[in-house]
Each structure stands twice: as structure tokens, then as C-alpha cells.
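Next up, start_15.cif (mmCIF, C-alpha atoms):
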```
data_input
loop_
_atom_site.label_atom_id
_atom_site.label_comp_id
_atom_site.auth_asym_id
_atom_site.auth_seq_id
_atom_site.Cartn_x
_atom_site.Cartn_y
_atom_site.Cartn_z
CA MET N 153 -77.05 -39.49 29.39
CA ALA N 154 -80.34 -41.41 29.88
CA ASP N 155 -82.13 -38.21 30.99
CA ARG N 156 -80.70 -36.39 27.99
CA LEU N 157 -81.96 -39.10 25.62
CA ASP N 158 -85.39 -39.10 27.33
CA ALA N 159 -85.69 -35.37 26.57
CA GLN N 160 -84.44 -35.75 22.98
CA MET N 161 -86.92 -38.55 22.31
CA ALA N 162 -89.79 -36.52 23.80
CA PHE N 163 -88.92 -33.80 21.29
CA LEU N 164 -88.66 -36.24 18.36
CA THR N 165 -92.00 -37.85 19.21
CA GLU N 166 -93.64 -34.42 19.50
CA ALA N 167 -92.14 -33.53 16.10
CA CYS N 168 -94.11 -36.44 14.58
CA LYS N 169 -97.20 -34.17 14.77
CA LEU N 170 -95.82 -32.01 11.94
CA LYS N 171 -96.89 -34.81 9.56
CA SER N 172 -100.50 -33.90 10.40
CA VAL N 173 -100.22 -30.16 9.65
CA ILE N 174 -101.77 -29.62 6.22
CA ARG N 175 -100.57 -26.94 3.80
CA ALA N 176 -102.37 -25.13 0.95
CA THR N 177 -100.04 -26.58 -1.72
CA THR N 178 -100.86 -29.97 -3.22
CA LEU N 179 -98.42 -32.72 -4.18
CA CYS N 180 -96.94 -32.44 -7.70
CA ASP N 181 -99.61 -34.82 -9.03
CA GLY N 182 -102.40 -32.82 -7.36
CA SER N 183 -103.71 -35.93 -5.57
CA ARG N 184 -103.88 -34.37 -2.11
CA ARG N 185 -102.56 -31.49 -0.05
CA GLU N 186 -99.02 -31.66 1.22
CA ASN N 187 -98.21 -31.85 4.93
CA SER N 188 -95.48 -29.83 6.59
CA GLY N 189 -93.35 -32.90 7.45
CA GLU N 190 -92.96 -34.10 3.87
CA HIS N 191 -92.64 -30.47 2.73
CA SER N 192 -89.68 -30.05 5.13
CA TRP N 193 -88.03 -33.18 3.67
CA HIS N 194 -88.51 -31.97 0.12
CA LEU N 195 -87.06 -28.55 0.97
CA ALA N 196 -84.00 -30.06 2.64
CA LEU N 197 -83.49 -32.08 -0.55
CA TYR N 198 -83.86 -28.87 -2.59
CA ALA N 199 -81.05 -27.33 -0.50
CA MET N 200 -78.86 -30.40 -0.95
CA VAL N 201 -79.30 -30.42 -4.75
CA LEU N 202 -79.45 -26.66 -5.45
CA GLY N 203 -76.55 -25.63 -3.22
CA ASP N 204 -74.55 -24.52 -6.27
CA HIS N 205 -77.16 -21.80 -6.91
CA ALA N 206 -76.65 -20.30 -3.43
CA PRO N 207 -74.83 -17.01 -3.07
CA GLU N 208 -71.14 -17.13 -2.08
CA GLY N 209 -70.57 -17.93 1.58
CA VAL N 210 -73.77 -19.90 2.21
CA ASP N 211 -73.21 -23.00 4.39
CA VAL N 212 -75.52 -25.58 2.81
CA ASN N 213 -75.30 -27.97 5.77
CA ARG N 214 -76.62 -25.19 8.06
CA VAL N 215 -79.37 -24.41 5.52
CA ILE N 216 -80.43 -28.08 5.51
CA ARG N 217 -80.61 -28.09 9.33
CA MET N 218 -82.58 -24.84 9.30
CA LEU N 219 -85.10 -26.26 6.82
CA LEU N 220 -85.51 -29.47 8.83
CA ILE N 221 -86.77 -27.43 11.81
CA HIS N 222 -88.26 -24.34 10.13
CA ASP N 223 -91.91 -25.44 10.30
CA LEU N 224 -92.00 -27.23 13.68
CA VAL N 225 -93.79 -24.21 15.21
CA GLU N 226 -96.80 -25.08 13.02
CA ILE N 227 -97.54 -27.97 15.40
CA ASP N 228 -99.03 -25.29 17.68
CA ALA N 229 -99.58 -22.34 15.32
CA GLY N 230 -100.76 -24.12 12.15
CA ASP N 231 -99.71 -23.26 8.61
CA ALA N 232 -100.34 -19.71 7.36
CA PRO N 233 -100.92 -20.03 3.57
CA ILE N 234 -98.86 -17.62 1.42
CA TYR N 235 -101.96 -16.25 -0.32
CA GLY N 236 -104.22 -16.38 2.74
CA THR N 237 -105.28 -13.42 4.86
CA HIS N 238 -104.04 -13.66 8.41
CA ASP N 239 -102.86 -11.20 11.05
CA ALA N 240 -99.07 -11.39 10.73
CA ALA N 241 -98.50 -10.10 14.27
CA VAL N 242 -100.77 -12.76 15.77
CA THR N 243 -99.12 -15.54 13.74
CA GLU N 244 -95.68 -14.28 14.76
CA ALA N 245 -96.58 -14.26 18.46
CA GLU N 246 -98.08 -17.77 18.23
CA GLU N 247 -95.01 -19.07 16.43
CA ARG N 248 -92.62 -17.53 18.96
CA ALA N 249 -94.50 -19.16 21.83
CA ALA N 250 -94.55 -22.48 19.94
CA ALA N 251 -90.80 -22.32 19.38
CA ARG N 252 -90.17 -21.80 23.10
CA ARG N 253 -92.40 -24.74 24.01
CA ILE N 254 -91.21 -27.20 21.35
CA PHE N 255 -87.46 -26.52 21.39
CA GLY N 256 -87.78 -26.30 25.19
CA LEU N 257 -88.44 -30.06 25.23
CA LEU N 258 -84.77 -30.61 24.32
CA PRO N 259 -81.88 -30.63 26.81
CA GLY N 260 -80.67 -27.10 27.72
CA THR N 261 -77.92 -26.14 25.30
CA GLN N 262 -79.33 -28.18 22.41
CA GLY N 263 -82.76 -26.58 22.80
CA ALA N 264 -81.20 -23.11 22.90
CA ASP N 265 -79.12 -23.82 19.79
CA LEU N 266 -82.11 -24.99 17.74
CA LEU N 267 -84.23 -22.07 18.97
CA ALA N 268 -81.48 -19.70 17.81
CA LEU N 269 -81.30 -21.44 14.43
CA TRP N 270 -85.10 -21.08 14.00
CA GLN N 271 -84.92 -17.40 15.05
CA GLU N 272 -82.17 -16.83 12.47
CA PHE N 273 -84.40 -18.37 9.77
CA GLU N 274 -87.34 -16.19 10.77
CA ALA N 275 -85.30 -12.98 10.94
CA ASN N 276 -84.17 -13.60 7.32
CA GLN N 277 -81.04 -11.45 7.64
CA THR N 278 -78.08 -13.85 7.23
CA PRO N 279 -77.14 -15.37 3.85
CA ASP N 280 -77.99 -18.87 5.18
CA ALA N 281 -81.48 -17.76 6.28
CA GLN N 282 -82.10 -15.87 3.05
CA PHE N 283 -81.21 -18.90 0.92
CA ALA N 284 -83.38 -21.15 3.12
CA LYS N 285 -86.34 -18.73 2.84
CA SER N 286 -85.86 -18.54 -0.92
CA LEU N 287 -86.18 -22.31 -1.21
CA ASP N 288 -89.26 -22.27 1.04
CA ARG N 289 -90.87 -19.84 -1.45
CA PHE N 290 -89.47 -21.57 -4.57
CA GLN N 291 -90.87 -25.05 -3.94
CA PRO N 292 -94.67 -24.30 -3.98
CA PRO N 293 -94.72 -22.67 -7.46
CA ASN N 294 -92.87 -25.70 -8.83
CA GLN N 295 -95.57 -27.95 -7.37
CA ASN N 296 -98.32 -25.63 -8.67
CA LEU N 297 -96.83 -25.74 -12.18
CA ALA N 298 -96.62 -29.56 -11.99
CA SER N 299 -100.20 -30.00 -10.72
CA GLY N 300 -101.84 -27.51 -13.11
CA GLY N 301 -102.26 -24.55 -10.78
CA GLY N 302 -102.83 -25.88 -7.26
CA SER N 303 -103.07 -23.11 -4.67
CA TRP N 304 -102.98 -20.38 -7.37
CA ILE N 305 -106.40 -21.56 -8.60
CA GLU N 306 -107.80 -22.03 -5.12
CA TYR N 307 -106.76 -18.52 -4.01
CA ASP N 308 -107.55 -17.01 -7.44
CA VAL N 309 -104.28 -15.10 -7.75
CA ASP N 310 -102.58 -13.61 -10.82
CA TYR N 311 -98.97 -13.38 -11.97
CA ASP N 312 -98.34 -10.06 -10.22
CA THR N 313 -99.50 -11.43 -6.87
CA VAL N 314 -97.20 -14.43 -7.24
CA ALA N 315 -94.32 -12.15 -8.20
CA THR N 316 -94.91 -9.95 -5.14
CA ARG N 317 -95.56 -12.62 -2.51
CA VAL N 318 -93.18 -15.27 -3.80
CA GLY N 319 -90.86 -13.81 -6.42
CA ALA N 320 -89.41 -11.08 -4.23
CA LYS N 321 -88.42 -13.60 -1.52
CA VAL N 322 -87.01 -16.14 -3.97
CA ALA N 323 -84.98 -13.44 -5.74
CA ASN N 324 -83.69 -12.12 -2.40
CA GLY N 325 -81.73 -15.28 -1.53
CA ALA N 326 -81.46 -17.07 -4.87
CA PRO N 327 -81.93 -14.73 -7.87
CA GLY N 328 -80.98 -17.45 -10.38
CA LEU N 329 -83.90 -19.61 -9.25
CA TRP N 330 -86.42 -16.80 -9.72
CA ASP N 331 -85.00 -16.00 -13.19
CA TRP N 332 -85.50 -19.67 -14.08
CA ILE N 333 -89.10 -20.02 -12.89
CA ALA N 334 -90.58 -16.55 -13.54
CA PRO N 335 -91.13 -17.08 -17.32
CA LYS N 336 -92.75 -20.47 -16.61
CA ILE N 337 -95.18 -18.88 -14.15
CA ARG N 338 -95.95 -16.07 -16.58
CA ALA N 339 -96.61 -18.57 -19.38
CA PHE N 340 -98.97 -20.47 -17.06
CA PHE N 341 -101.07 -17.35 -16.34
CA ASP N 342 -100.90 -16.17 -19.97
CA GLY N 343 -102.27 -19.58 -20.97
CA ARG N 344 -105.29 -19.08 -18.69
CA ALA N 345 -106.02 -15.49 -19.74
CA MET E 123 -76.28 -23.31 -15.92
CA ALA E 124 -79.89 -23.32 -17.24
CA ASP E 125 -79.51 -26.92 -18.53
CA ARG E 126 -78.04 -27.93 -15.18
CA LEU E 127 -80.97 -26.39 -13.30
CA ASP E 128 -83.47 -28.04 -15.71
CA ALA E 129 -81.96 -31.42 -14.80
CA GLN E 130 -81.89 -30.68 -11.06
CA MET E 131 -85.53 -29.58 -11.10
CA ALA E 132 -86.57 -32.70 -13.05
CA PHE E 133 -84.98 -34.75 -10.23
CA LEU E 134 -86.64 -32.69 -7.48
CA THR E 135 -90.07 -32.96 -9.13
CA GLU E 136 -89.61 -36.73 -9.56
CA ALA E 137 -88.64 -36.92 -5.87
CA CYS E 138 -92.10 -35.52 -4.98
CA LYS E 139 -93.47 -39.03 -5.68
CA LEU E 140 -91.82 -40.35 -2.50
CA LYS E 141 -94.64 -38.65 -0.57
CA SER E 142 -97.00 -41.21 -2.12
CA VAL E 143 -95.02 -44.32 -1.10
CA ILE E 144 -96.78 -45.78 1.96
CA ARG E 145 -94.91 -47.60 4.73
CA ALA E 146 -96.10 -50.24 7.21
CA THR E 147 -95.47 -47.98 10.23
CA THR E 148 -98.21 -45.59 11.33
CA LEU E 149 -97.79 -42.03 12.61
CA CYS E 150 -97.14 -41.72 16.36
CA ASP E 151 -100.89 -41.10 16.96
CA GLY E 152 -101.83 -44.16 14.87
CA SER E 153 -104.13 -42.05 12.66
CA ARG E 154 -102.73 -43.29 9.34
CA ARG E 155 -99.72 -44.97 7.78
CA GLU E 156 -96.59 -42.93 7.29
CA ASN E 157 -95.23 -42.14 3.83
CA SER E 158 -91.55 -42.37 2.91
CA GLY E 159 -91.16 -38.61 2.33
CA GLU E 160 -92.22 -37.59 5.84
CA HIS E 161 -90.33 -40.61 7.24
CA SER E 162 -87.14 -39.31 5.57
CA TRP E 163 -87.68 -35.88 7.14
CA HIS E 164 -88.23 -37.37 10.58
CA LEU E 165 -85.09 -39.52 10.27
CA ALA E 166 -82.94 -36.55 9.21
CA LEU E 167 -84.25 -34.74 12.30
CA TYR E 168 -83.35 -37.81 14.41
CA ALA E 169 -79.78 -37.56 13.07
CA MET E 170 -79.63 -33.84 13.78
CA VAL E 171 -80.80 -34.29 17.40
CA LEU E 172 -79.15 -37.61 18.28
CA GLY E 173 -75.73 -36.89 16.79
CA ASP E 174 -74.15 -37.02 20.25
CA HIS E 175 -75.09 -40.72 20.48
CA ALA E 176 -73.16 -41.54 17.29
CA PRO E 177 -69.87 -43.42 17.51
CA GLU E 178 -66.67 -41.35 17.35
CA GLY E 179 -65.82 -40.12 13.87
CA VAL E 180 -69.35 -40.06 12.43
CA ASP E 181 -70.01 -36.99 10.25
CA VAL E 182 -73.59 -36.05 11.13
CA ASN E 183 -73.97 -33.71 8.14
CA ARG E 184 -73.16 -36.62 5.80
CA VAL E 185 -75.59 -38.85 7.72
CA ILE E 186 -78.35 -36.24 7.30
CA ARG E 187 -77.70 -36.10 3.54
CA MET E 188 -77.68 -39.90 3.33
CA LEU E 189 -81.04 -40.11 5.12
CA LEU E 190 -82.60 -37.45 2.88
CA ILE E 191 -81.97 -39.66 -0.18
CA HIS E 192 -81.97 -43.18 1.33
CA ASP E 193 -85.55 -44.09 0.32
CA LEU E 194 -85.81 -42.41 -3.11
CA VAL E 195 -85.44 -45.82 -4.80
CA GLU E 196 -88.86 -46.73 -3.34
CA ILE E 197 -90.45 -44.49 -6.01
CA ASP E 198 -89.84 -47.42 -8.38
CA ALA E 199 -89.29 -50.36 -6.02
CA GLY E 200 -91.86 -49.63 -3.28
CA ASP E 201 -91.31 -50.04 0.45
CA ALA E 202 -90.27 -53.49 1.74
CA PRO E 203 -91.74 -53.72 5.27
CA ILE E 204 -89.25 -54.87 7.95
CA TYR E 205 -91.51 -57.75 9.07
CA GLY E 206 -92.81 -58.60 5.61
CA THR E 207 -91.74 -61.53 3.48
CA HIS E 208 -90.06 -60.50 0.27
CA ASP E 209 -87.27 -61.84 -1.89
CA ALA E 210 -84.26 -59.77 -0.77
CA ALA E 211 -82.37 -60.39 -4.03
CA VAL E 212 -85.31 -59.16 -6.13
CA THR E 213 -85.78 -56.06 -3.97
CA GLU E 214 -82.06 -55.33 -4.16
CA ALA E 215 -82.01 -55.58 -7.96
CA GLU E 216 -85.09 -53.35 -8.26
CA GLU E 217 -83.57 -50.77 -5.93
CA ARG E 218 -80.26 -50.73 -7.79
CA ALA E 219 -82.05 -50.11 -11.10
CA ALA E 220 -84.19 -47.41 -9.46
CA ALA E 221 -81.09 -45.67 -8.10
CA ARG E 222 -79.51 -45.57 -11.56
CA ARG E 223 -82.69 -44.13 -13.11
CA ILE E 224 -83.51 -41.58 -10.41
CA PHE E 225 -80.02 -40.24 -9.60
CA GLY E 226 -79.38 -40.36 -13.36
CA LEU E 227 -81.83 -37.47 -13.76
CA LEU E 228 -79.26 -35.19 -12.13
CA PRO E 229 -76.32 -33.55 -13.94
CA GLY E 230 -73.31 -35.90 -14.36
CA THR E 231 -71.07 -35.45 -11.34
CA GLN E 232 -73.89 -34.61 -8.96
CA GLY E 233 -75.84 -37.70 -9.97
CA ALA E 234 -72.75 -39.88 -9.54
CA ASP E 235 -72.05 -38.38 -6.10
CA LEU E 236 -75.58 -39.03 -4.81
CA LEU E 237 -75.59 -42.54 -6.29
CA ALA E 238 -72.32 -43.24 -4.44
CA LEU E 239 -73.81 -41.86 -1.20
CA TRP E 240 -76.86 -44.13 -1.57
CA GLN E 241 -74.62 -47.14 -2.34
CA GLU E 242 -72.57 -46.38 0.79
CA PHE E 243 -75.79 -46.35 2.85
CA GLU E 244 -76.93 -49.66 1.38
CA ALA E 245 -73.54 -51.37 1.86
CA ASN E 246 -73.70 -50.47 5.59
CA GLN E 247 -69.93 -50.68 6.08
CA THR E 248 -68.78 -47.15 6.96
CA PRO E 249 -69.48 -45.56 10.38
CA ASP E 250 -71.70 -42.92 8.68
CA ALA E 251 -73.80 -45.59 6.93
CA GLN E 252 -74.05 -47.72 10.06
CA PHE E 253 -75.29 -44.80 12.14
CA ALA E 254 -77.79 -43.84 9.39
CA LYS E 255 -79.09 -47.44 9.17
CA SER E 256 -79.39 -47.59 12.96
CA LEU E 257 -81.64 -44.52 12.95
CA ASP E 258 -83.70 -46.00 10.10
CA ARG E 259 -84.35 -49.05 12.32
CA PHE E 260 -84.71 -47.04 15.56
CA GLN E 261 -87.53 -44.73 14.44
CA PRO E 262 -90.30 -47.31 13.71
CA PRO E 263 -90.26 -48.95 17.19
CA ASN E 264 -90.57 -45.50 18.74
CA GLN E 265 -93.66 -44.85 16.62
CA ASN E 266 -95.03 -48.31 17.43
CA LEU E 267 -94.60 -47.68 21.17
CA ALA E 268 -96.33 -44.29 20.80
CA SER E 269 -99.26 -45.66 18.77
CA GLY E 270 -99.88 -48.76 20.90
CA GLY E 271 -98.20 -51.39 18.72
CA GLY E 272 -98.62 -50.34 15.08
CA SER E 273 -96.86 -52.68 12.67
CA TRP E 274 -95.97 -55.14 15.49
CA ILE E 275 -99.67 -55.93 15.88
CA GLU E 276 -100.34 -56.05 12.16
CA TYR E 277 -97.46 -58.46 11.51
CA ASP E 278 -98.07 -60.35 14.76
CA VAL E 279 -94.43 -60.34 15.89
CA ASP E 280 -92.91 -60.93 19.33
CA TYR E 281 -90.04 -59.37 21.24
CA ASP E 282 -87.45 -61.79 19.87
CA THR E 283 -88.39 -61.00 16.26
CA VAL E 284 -88.08 -57.27 16.94
CA ALA E 285 -84.71 -57.82 18.64
CA THR E 286 -83.44 -59.84 15.65
CA ARG E 287 -84.77 -57.72 12.79
CA VAL E 288 -84.42 -54.30 14.39
CA GLY E 289 -82.32 -54.52 17.54
CA ALA E 290 -79.24 -55.99 15.87
CA LYS E 291 -79.12 -53.18 13.29
CA VAL E 292 -79.77 -50.41 15.83
CA ALA E 293 -77.08 -51.80 18.15
CA ASN E 294 -74.63 -52.07 15.24
CA GLY E 295 -74.42 -48.32 14.64
CA ALA E 296 -75.84 -46.84 17.84
CA PRO E 297 -75.65 -49.26 20.80
CA GLY E 298 -76.80 -46.60 23.30
CA LEU E 299 -80.07 -46.15 21.44
CA TRP E 300 -80.84 -49.88 21.53
CA ASP E 301 -80.00 -50.05 25.25
CA TRP E 302 -82.47 -47.22 25.80
CA ILE E 303 -85.40 -48.67 23.85
CA ALA E 304 -85.00 -52.44 24.38
CA PRO E 305 -86.53 -52.48 27.91
CA LYS E 306 -89.45 -50.37 26.68
CA ILE E 307 -90.14 -52.83 23.84
CA ARG E 308 -89.87 -55.77 26.23
CA ALA E 309 -92.30 -54.11 28.66
CA PHE E 310 -94.76 -53.58 25.78
CA PHE E 311 -94.75 -57.28 24.81
CA ASP E 312 -94.79 -58.42 28.47
CA GLY E 313 -97.90 -56.26 28.94
CA ARG E 314 -99.68 -58.08 26.10
CA ALA E 315 -98.67 -61.61 27.18
#
```
Just dump the structure as C-alpha cells.
Amino acid sequence: MADRLDAQMAFLTEACKLKSVIRATTLCDGSRRENSGEHSWHLALYAMVLGDHAPEGVDVNRVIRMLLIHDLVEIDAGDAPIYGTHDAAVTEAEERAAARRIFGLLPGTQGADLLALWQEFEANQTPDAQFAKSLDRFQPPNQNLASGGGSWIEYDVDYDTVATRVGAKVANGAPGLWDWIAPKIRAFFDGRA
Amino acid sequence: MADRLDAQMAFLTEACKLKSVIRATTLCDGSRRENSGEHSWHLALYAMVLGDHAPEGVDVNRVIRMLLIHDLVEIDAGDAPIYGTHDAAVTEAEERAAARRIFGLLPGTQGADLLALWQEFEANQTPDAQFAKSLDRFQPPNQNLASGGGSWIEYDVDYDTVATRVGAKVANGAPGLWDWIAPKIRAFFDGRA
């Protein structure tokens, strides 16, 4: 049991580095950019509170666990901003290698279980993964609306780009959430036109 | 349903402020102080990974949910450092008022449920709360060991103070975790003597 705990603590101390991975989105008050550790907390809280907007059959406890680990690969691969230009195949390969290394710090079965949970999130095929991905896309526009534009201004995007890159994924796993925020995003861009 | 979602999103946007509440503990690399949002994420991950060290009967999914909300009251009341001197009765009153305000942003039943979950954590009487509190006390010494002392140096404490303020609470809900870290903490202070 001591060896098992040594391995688990090595993983948890490595995970601490996620607090130093900086995202494109700012905090709601615009005071600084958000890091991927606090982002993961906020998303897990989104899942906990918005579970009643999930499609039938979604297991919210699994979604929370998925969101707690979904960004750990960024410790090695960095964050790929939604509106940035990056080679998706390269990012994917880096993230897969990162997942093997980071979850590989854990004891055998536990590491394999968390790797499988991360792979399920990435594949975006199960209802749990689709709801988790929807929340991951739904949180940044809320912070952009709160902070007066945030990453939308920085990347100089318009409503249609947001609808394509963000809206489609939110609507895929949580259509009610996209219906709620879409008019707010449109009003924001209309107000700037 | 739209009114319900309005209320839930007001709560989730208010929760964003927890990322700006600064704790005494630094990150594992010592580069800066940790905030309570990323701390809450890290603790929920601790619960997810260390569930097999919880006493019989602990519901790890409930513990994760408890840890995701346990520090929200600090948005109003601030963080009370473990080794700091503060009036416990004043802090407690401020935190109780904060809980009523912040969970009160949520729709009726949901707000009452999360308030009850936070009160259970604070009361520290159920096995779930005791395990959650143990993790909340177990994480900072791990970060202090990783960063070369952290808040122990700043507050100029010794091994006995750590054992009293931290060890007793860790051992209360997760004795195996205290047995694992106590010799490491002792070795740290012996090395400085």
C-alpha cells in the first residue's frame, strides 16, 4: 500500500503543474488569463450545477471526474486556444503521448482507468463525453460576456466563427445551454457592429 | 427552465471570483501563491485518486462534490491561513453569512442542497466530511515539502505545530495518509535544525 500511495502522490504532485498552464480566456473580471487548473475546477462545478440540463442517461458523477482530468495532458502539450491556428494532428499526437506519461505515473489499474476516461472524453462519442465537451465549450463564452469580450477581441472573431467553433459543440451535448447563450453572444457582436 | 438557468449561471459567474482568493500555500514549484479555485480542483483530484485510502463507507463522489464547493464562502470571507491568528468565531459567522448569500443565488432546492452539503463539510461529523477535511489538510504539507517549506517558513512553525494543526485533522479522516507523510515532515524539520 505504501508503494501504491507513493505512485499516487507522484501523480498528484505532477498534476500541480496544470496551475501554470495559461489559457486564452480571462477570468470573468478580465483581470488576468485563466489557468487550466482553476478552469478544470470551474467546469466540474458547472457539471455539478447544470446536471439537470444534461441529456437523459448522462452520469453527472462520471462527467465531473472526466472534467477534473480532461486538461492534464496540457502539462506537456500546452493549451491549444479555440480560435488559434494549430496543426490538429500534431496537438493530438502530443496529447496522446502526454496522457500515457502522466496517467502512467499512477498504479497499474488506476492509471489505465483514468487513461480510458480521458480517451472517452477526447473521442466525444458517449453521452457523458458529449456533455463534458459541451461544458468545456460553454464556459469560455460566459467568461467573455462577463469580461467584455476577452478572447473574442484578442482573436478578432465574429458571431459566425463563435457559432461554428463553439456553438456546434455546445449544442451537440447540451442544446438547451446553446439556446440560452446564443442570443446573448449575438447581442454582444451586434452591439460592436 | 430559462429562469432556473439564469439563476444557475449567476451562481457560476459569481463562483469565478474564487480564482482571485489567494491562499498562504504556494504552488509545488514555489513560483507563486495558490488561489482557492485551483486548490479546490487539486483537492477534488486528490479525492478521486486517493479514494482507496478512505475509511469504509465513504462515498467518494459526494466527497468530490463537497470539495468543489467547500471554499466558495471565501469569496466573501477570505482565506483563513492554517497557521495564522484569527478569531475563529468571527470567521465562522462570516462564512455562514457568505454561504447563505452565495448558495442563495441558486434555484430553491438546489441552493438548499448545496448549503446543506457545505454545512456537513464544516460540521466535520460524517465520514464523508471527515475524509474531505483530511484531504484539505493533507494537500498543503505536500506542496510545502515540494516547494522547500512554503508556508511553514513564512509562519515560522515547527514539527509539533504542524502535527497539532494539520496532523490531527488528517489522521481523523485518513490515518493512512498521515502515517505516510508524518516521517517526511519530520525529516524536513530535522534537516533545518
Measure the distance from CA of Leu236 (chain E) to CA of Ile337 (chain N) in Å and round it to one decimal. 29.6 Å
May I ask which of the residues E:Phe260, E:Phe253, E:Tyr281, E:Phe311 is the closest one to chain N, counting all atoms listed in the file?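 Of the candidates, the smallest distance to chain N is held by E:Phe260.
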Using only C-alpha atoms and a distance of at most 7 Å, pull out the residues of chain E that contact chain N, as a list of chain:residue names.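 Every residue meeting the condition is included here: E:Gln130, E:Leu134, E:Cys138, E:Lys141, E:Leu149, E:Cys150, E:Gly159, E:Glu160, E:Ser162, E:Trp163, E:Leu167, E:Tyr168, E:Val171, E:Asn183, E:Leu190.
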Quick one: apply the PyMOL selection byres ((chain E and resi 200) around 9) to the file and drop the selected residues here as JSON, numbers by chain. {"E": [143, 144, 145, 195, 196, 197, 198, 199, 201, 202, 213, 217]}
As an exercise, work out the distance from CA of Gly272 (chain E) to CA of Val185 (chain E) in Å and give it to one decimal place.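 Distance between the two atoms: 26.8 Å.
From CA of Leu257 (chain N) back to CA of Ser256 (chain E), the distance works out to 23.2 Å.
Taking only C-alpha atoms, the non-local environment of Gly271 (chain E) within 9 Å (same-chain residues fewer than 6 positions away omitted) comprises E:Gly152, E:Pro263, E:Gln265, E:Phe310.
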Pick out the closest residue to Ala296 (chain E) from this set: E:Glu178, E:Glu244, E:Asp282, E:Asp235. Count only C-alpha atoms. E:Glu178
Working from the structure I just supplied, which lacks atoms in region 310-323 of chain N, can you model N, CA and C atoms there and output them as a PDB file, in the coordinates of the input?
```
ATOM      1  N   ASP N 310    -103.123 -13.838  -9.478  1.00  0.00           N
ATOM      2  CA  ASP N 310    -102.580 -13.610 -10.820  1.00  0.00           C
ATOM      3  C   ASP N 310    -101.053 -13.559 -10.758  1.00  0.00           C
ATOM      4  N   TYR N 311    -100.434 -13.366 -11.916  1.00  0.00           N
ATOM      5  CA  TYR N 311     -98.970 -13.380 -11.970  1.00  0.00           C
ATOM      6  C   TYR N 311     -98.361 -12.337 -11.032  1.00  0.00           C
ATOM      7  N   ASP N 312     -98.939 -11.132 -11.027  1.00  0.00           N
ATOM      8  CA  ASP N 312     -98.340 -10.060 -10.220  1.00  0.00           C
ATOM      9  C   ASP N 312     -98.364 -10.383  -8.732  1.00  0.00           C
ATOM     10  N   THR N 313     -99.429 -11.047  -8.287  1.00  0.00           N
ATOM     11  CA  THR N 313     -99.500 -11.430  -6.870  1.00  0.00           C
ATOM     12  C   THR N 313     -98.420 -12.464  -6.543  1.00  0.00           C
ATOM     13  N   VAL N 314     -98.250 -13.425  -7.457  1.00  0.00           N
ATOM     14  CA  VAL N 314     -97.200 -14.430  -7.240  1.00  0.00           C
ATOM     15  C   VAL N 314     -95.828 -13.754  -7.212  1.00  0.00           C
ATOM     16  N   ALA N 315     -95.611 -12.837  -8.137  1.00  0.00           N
ATOM     17  CA  ALA N 315     -94.320 -12.150  -8.200  1.00  0.00           C
ATOM     18  C   ALA N 315     -94.044 -11.361  -6.921  1.00  0.00           C
ATOM     19  N   THR N 316     -95.089 -10.758  -6.354  1.00  0.00           N
ATOM     20  CA  THR N 316     -94.910  -9.950  -5.140  1.00  0.00           C
ATOM     21  C   THR N 316     -94.707 -10.831  -3.913  1.00  0.00           C
ATOM     22  N   ARG N 317     -95.591 -11.832  -3.754  1.00  0.00           N
ATOM     23  CA  ARG N 317     -95.560 -12.620  -2.510  1.00  0.00           C
ATOM     24  C   ARG N 317     -94.458 -13.666  -2.509  1.00  0.00           C
ATOM     25  N   VAL N 318     -94.111 -14.150  -3.696  1.00  0.00           N
ATOM     26  CA  VAL N 318     -93.180 -15.270  -3.800  1.00  0.00           C
ATOM     27  C   VAL N 318     -91.881 -14.821  -4.469  1.00  0.00           C
ATOM     28  N   GLY N 319     -92.027 -14.161  -5.611  1.00  0.00           N
ATOM     29  CA  GLY N 319     -90.860 -13.810  -6.420  1.00  0.00           C
ATOM     30  C   GLY N 319     -89.847 -12.971  -5.667  1.00  0.00           C
ATOM     31  N   ALA N 320     -90.336 -11.979  -4.926  1.00  0.00           N
ATOM     32  CA  ALA N 320     -89.410 -11.080  -4.230  1.00  0.00           C
ATOM     33  C   ALA N 320     -88.561 -11.864  -3.227  1.00  0.00           C
ATOM     34  N   LYS N 321     -89.175 -12.820  -2.529  1.00  0.00           N
ATOM     35  CA  LYS N 321     -88.420 -13.600  -1.520  1.00  0.00           C
ATOM     36  C   LYS N 321     -87.474 -14.600  -2.186  1.00  0.00           C
ATOM     37  N   VAL N 322     -87.905 -15.213  -3.275  1.00  0.00           N
ATOM     38  CA  VAL N 322     -87.010 -16.140  -3.970  1.00  0.00           C
ATOM     39  C   VAL N 322     -85.796 -15.371  -4.494  1.00  0.00           C
ATOM     40  N   ALA N 323     -86.066 -14.233  -5.128  1.00  0.00           N
ATOM     41  CA  ALA N 323     -84.980 -13.440  -5.740  1.00  0.00           C
ATOM     42  C   ALA N 323     -84.022 -12.902  -4.679  1.00  0.00           C
TER      43      ALA N 323
END
```
